[in-house]
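A short worksheet on the structure shown next.
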Amino acid sequence: MTKTVLELRNVDKSFGPIDVLHQISLKVKEGEVLCLLGDNGAGKSTLIKTLAGVHKPTRGTILMDGAEVSFDGPRAAQDMGIATVHQFGGTFPLMSIGRSFFVGVEPTRGWGPFKIYDRKKANAIAVKAVQDFGITRVDDGDRLIGGLSGGERQSLAIARAVHFGARVLILDEPTAALGVKQAAHVLRIVNEAKKRGLAVVFITHQVMHAMAVGDHFAVLIRGAIAADFRKGERSREEITDLMAGGETMADLEAQIEGYAEAQTDNPPPPSP
Amino acid sequence: MNTISIGNLLRRPEAGAFLGMIAVVLFFLVFGGINFLKPAGIASWLNVAANIGIIAIPVGLLMIAGELDISIGSMIPAGSMIIAIMSGHYDMPVWLSILAVLGFGVVVGTINGVLVVRTAVPSLIVTLGTLFAVAGMVLGLSVLITGTTSVAIKAPALYKAIFGQFIGGTYQVIILWWILLTAVYVFYVHYSKFGNWIFAMGGDRESARNAGIPTTRLTIILFILSATSASFVGMCQALLFNSAQVSAGMSYIFNVIISVVVGGVVLTGGFGSVVGIVFGTITFAVVNQGIYFTSFDRNWSSLIIGVMLLVAVLMNNTFRTMALSYAPKKK
């Protein structure tokens with residue numbers, strides 16, 4: 001039985017009168033990928049922001065290593081080893097790989113007010129960290145981030161989080177804007193992080209990507225967990241149907257077709 | 001990657017600014033003759049450059065961080081008038097006036113910074129507000145206190161020697177301040193971690209904050225730097241010319257922004273360099289003053305500056321694309 005790192009117990013979150021999350025209970029385990037699936041507006045972002053310490057839960061508890069914790073801010077969550085990687089987040093297009101890697105924790109040498117940013121060391125560590133994740137195309141820490149491909153940038157951001165001691169890795173739609181090949185790149189990195197014993201929370205609405213790496217799946221509908229199952233327990237179609245809010249994909253297709261047919265005699269007026 | 005090659009140099013943010021500076025110097029050498037590079041000629045544009053340059057660097061840093069400060073236009077006369085009224089009109093000790101000038105810069109800079117950080121109103125609008133507010137206050141108070149908009153000041157020799165004197169009859173002492181401050185800025189921006197933070201903030205503020213950078217504090221500090229630099233320059237001018245005018249300074253807004261942009265700072269933030277801003281400032285000053293050495297009519301200089309600004313922006317875009325697309329050659 002693998003160890004549970006982060007756990008949510010009956011967490012509710014509301015902004016004023018609007019309830020966003022209801023009774024969320026989740027476990028994130030070491031060496032496992034938890035896939036958080038859900039349509040737009042299902043509350044995925046609120047949930048990960050709660051995990052990352054941006055929002056405080058209105059009710060319910062967050063446990064880390066079995067002990068109850070309360071994060072005062074994203075910084076506190078980071079210090080406990082919870083790292084969130086947003087799409088392209090944590091990378092700066094016009095900065096060099098080395099500098100971007102060490103933003104906020106720059107290695108310095110020298111003394112007192114004359115501490116000098118150690119470019120060589122930063123570059124060397126950054127390049128090695130990325131290459132360890134199998135991105136061998138990155139070999140010069142002076143290159144600008146903006147010159148990397150989307151997949152490489154995402155990989156760099158993940159490598160950065162892992163390097164700085166993340167135990168829980170929250171990946172917010174890391175494959176959303178990527179092509180097939182680039183996405184495969186990122187999925188490989190996710191697998192690598194899992195192999196290293198990290199707990200990964202993988203947010204996506206691409207069922208294919210989720211099934212490629214996930215061990216455990218949770219489907220979020222209107223702020224509540226609609227389904228919670230392990231790898232192999234559901235088929236791809238079932239998951240897609242769940243994400244669409246219970247309506248089956250076949251129903252939706254029929255609706256669209258019906259609409260299209262109803263419109264044939266009477267095309268909508270051309271927009272000006 | 002320590003080899004120096006033309007390709008590497010061209011990818012640096014100051015490359016365009018350096019080439020531009022060489023180009024305008026050559027241009028005025030051809031049309032204005034060698035007088036332009038004789039000591040008196042150098043002084044004419046170096047004095048202009050130093051006054052702009054001290055303000056251009058902090059404004060450029062703000063731009064790198066993704067903000068803008070145009071309130072400098074009224075901070076310059078504010079600095080002049082504060083020292084002139086306190087030490088000229090009231091005969092208070094000069095050191096007290098200097099503290100007041102710098103203190104006023106800190107106060108206005110803090111107001112700018114806090115408003116920008118707290119309200120998320122674009123800094124252009126916030127500082128436009130403080131630009132007019134400070135200008136109005138300085139004008140109103142000057143007329144109220146002294147009954148005039150121009151106040152004379154006679155400072156002791158020591159203060160004149162430090163802040164406002166001509167060295168060798170032609171070079172303003174503020175040039176030395178400019179060189180000193182540039183060295184300090186170069187160190188902190190390019191060789192310490194603080195510079196990294198500024199670039200990160202301009203690149204992606206949200207990510208920078210997530211990475212643990214105190215973005216709020218850093219933004220306010222940058223606004224304080226620019227406002228205080230402007231009031232400092234105003235103070236030096238008052239000490240140099242022994243008088244202060246309420247209306248001086250508005251032209252600095254555009255001059256400073258042109259210098260910064262010509263110097264290779266990207267308007268959307270995240271890219272630029274202190275040395276680039278220095279090159280940009282010199283370029284601007286050379287065009288501004290060089291016209292007097294030629295037989296051209298003075299009015300043409302604005303045309304040159306305008307064209308130069310557009311060329312600079314286009315060139316910077318090209319160099320930035322080159323920097324982005326650079327990848328090490330396969331072995």
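Starting from 1 in every chain, residues are counted up; chains themselves are A, B, ... following the order of the structure tokens, and ligands are numbered from 1 as listed.
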Please list as JSON, numbers by chain every residue within 7 Å of stretch 147-152 of chain B, counting only C-alpha atoms and excluding residues in the same chain fewer than 3 positions away. {"B": [84, 85, 88, 139, 142, 143, 144, 242, 243, 244, 245, 246]}
Taking the chain letters and numbering used in this document, name the residues of stretch 92-304 of chain B that DSSP puts in alpha helix (DSSP H), as JSON, numbers by chain. {"B": [94, 95, 96, 97, 98, 99, 100, 101, 102, 103, 104, 105, 106, 107, 108, 109, 110, 111, 112, 113, 114, 115, 116, 117, 118, 119, 123, 124, 125, 126, 127, 128, 129, 130, 131, 132, 133, 134, 135, 136, 137, 138, 139, 140, 141, 142, 143, 144, 145, 146, 157, 158, 159, 160, 161, 162, 163, 174, 175, 176, 177, 178, 179, 180, 181, 182, 183, 184, 185, 186, 187, 188, 189, 190, 193, 194, 195, 196, 197, 198, 199, 200, 201, 202, 203, 205, 206, 207, 208, 209, 210, 215, 216, 217, 218, 219, 220, 221, 222, 223, 224, 225, 226, 227, 228, 229, 230, 231, 232, 233, 234, 235, 236, 237, 238, 239, 240, 241, 250, 251, 252, 253, 254, 255, 256, 257, 258, 259, 260, 261, 262, 274, 275, 276, 277, 278, 279, 280, 281, 282, 283, 284, 285, 286, 287, 288, 289, 290, 300, 301, 302, 303, 304]}
Shell of 12 Å around B:Val114, only C-alpha atoms, local chain residues under 6 positions omitted, as a VMD selection string: chain B and resid 106 to 108 120 to 121 123 126 to 127 215 to 224
Using only C-alpha atoms, can you tell me which of A:Phe71, A:Phe164, A:Phe92, A:Phe102 comes closest to chain B? A:Phe92
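Within 6 Å of chain A, chain B contributes the residues Tyr191, Ser192, Lys193, Gly203, Ser207, Ala211, Gly212, Ile213, Leu324 and Ser325 of chain B, using only C-alpha atoms.
Pairwise distance (atom CA of A:Arg160, atom CA of B:Trp197) equals 16.5 Å.
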Sorted by chain and rising residue number, list the residues of stretch 5-87 of chain A at most 6 Å from stretch 218-224 of chain A (counting only C-alpha atoms), each with its closest atom pair and distance in Å to one decimal, as CSV.
```
residue,atom,partner,partner_atom,distance
A:Val20,CA,A:Gly223,CA,5.3
A:Leu21,CA,A:Gly223,CA,4.2
A:His22,CA,A:Ala224,CA,5.2
A:Leu36,CA,A:Ala218,CA,5.1
A:Leu37,CA,A:Val219,CA,4.7
A:Gly38,CA,A:Leu220,CA,4.9
A:Ala42,CA,A:Arg222,CA,4.6
A:Gly43,CA,A:Gly223,CA,5.0
```
Let's have the selection written as an mmCIF file, in the first residue's frame, with N, CA and C atoms.
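The result, written out as result_35.cif:
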```cif
data_model
loop_
_atom_site.group_PDB
_atom_site.id
_atom_site.type_symbol
_atom_site.label_atom_id
_atom_site.label_comp_id
_atom_site.auth_asym_id
_atom_site.auth_seq_id
_atom_site.Cartn_x
_atom_site.Cartn_y
_atom_site.Cartn_z
ATOM 1 N N VAL A 20 -18.868 26.455 -4.919
ATOM 2 C CA VAL A 20 -18.108 25.961 -6.061
ATOM 3 C C VAL A 20 -17.745 24.495 -5.881
ATOM 4 N N LEU A 21 -17.330 24.139 -4.686
ATOM 5 C CA LEU A 21 -16.960 22.746 -4.434
ATOM 6 C C LEU A 21 -17.859 22.178 -3.321
ATOM 7 N N HIS A 22 -18.330 20.976 -3.532
ATOM 8 C CA HIS A 22 -19.138 20.331 -2.494
ATOM 9 C C HIS A 22 -18.503 19.018 -2.091
ATOM 10 N N LEU A 36 -7.528 14.381 -12.640
ATOM 11 C CA LEU A 36 -8.712 15.143 -12.306
ATOM 12 C C LEU A 36 -9.355 15.545 -13.622
ATOM 13 N N LEU A 37 -10.520 14.956 -13.907
ATOM 14 C CA LEU A 37 -11.170 15.222 -15.179
ATOM 15 C C LEU A 37 -12.402 16.070 -14.933
ATOM 16 N N GLY A 38 -12.756 16.828 -15.937
ATOM 17 C CA GLY A 38 -13.957 17.629 -15.770
ATOM 18 C C GLY A 38 -14.081 18.631 -16.892
ATOM 19 N N ALA A 42 -16.253 23.048 -14.170
ATOM 20 C CA ALA A 42 -16.640 22.008 -13.224
ATOM 21 C C ALA A 42 -16.041 22.253 -11.842
ATOM 22 N N GLY A 43 -15.098 23.183 -11.767
ATOM 23 C CA GLY A 43 -14.498 23.489 -10.472
ATOM 24 C C GLY A 43 -13.083 22.958 -10.345
#
```
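For stretch 130-138 of chain B, the list of residues within 10 Å, based on only C-alpha atoms and with local chain neighbours fewer than 5 positions off taken out, reads Asp69, Ile70, Ser71, Ile72, Gly73, Ser74, Met75, Ile76, Pro77, Ala78, Gly79, Ser80, Met81, Ile82, Val108, Gly109, Ile111, Asn112, Ile125, Val143, Leu144, Thr149, Val246, Ser247, Gly249 and Met250 of chain B.
Coordinates place atom CA of B:Gly276 at a distance of 6.6 Å from atom CA of B:Pro13.
Atom CA of B:Ile257 lies 18.3 Å from atom CA of B:Val24.
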Could you write out, as a ChimeraX atom specification, all the residues of stretch 179-220 of chain A that DSSP marks as strand (DSSP E or B)? /A:199-204,216-220
I'd like the neighbourhood of A:Glu173 as a PyMOL selection string, where a residue qualifies if any of its atoms comes within 12 Å (using only C-alpha atoms), though same-chain residues fewer than 4 positions away should be ignored. chain A and resi 35-40+44-45+48+84-89+154+177-178+183+186-187+201-207+209-210
So that I can check the surroundings of A:Gly165, please list as a PyMOL selection string every protein, DNA and RNA residue that reaches within 12 Å of it, counting only C-alpha atoms and ignoring chain neighbours fewer than 3 positions away. chain A and resi 78-83+158-162+168-169+193+196-198
Which residue of A:Ala166, A:Ala122, A:Glu7, A:His185 approaches A:Gly134 most closely, using only C-alpha atoms: A:His185
Excluding B:Val313 and any residue of its chain fewer than 4 positions from it, enumerate the residues within 9 Å of it, using only C-alpha atoms, and give them as a count of residues only. 8
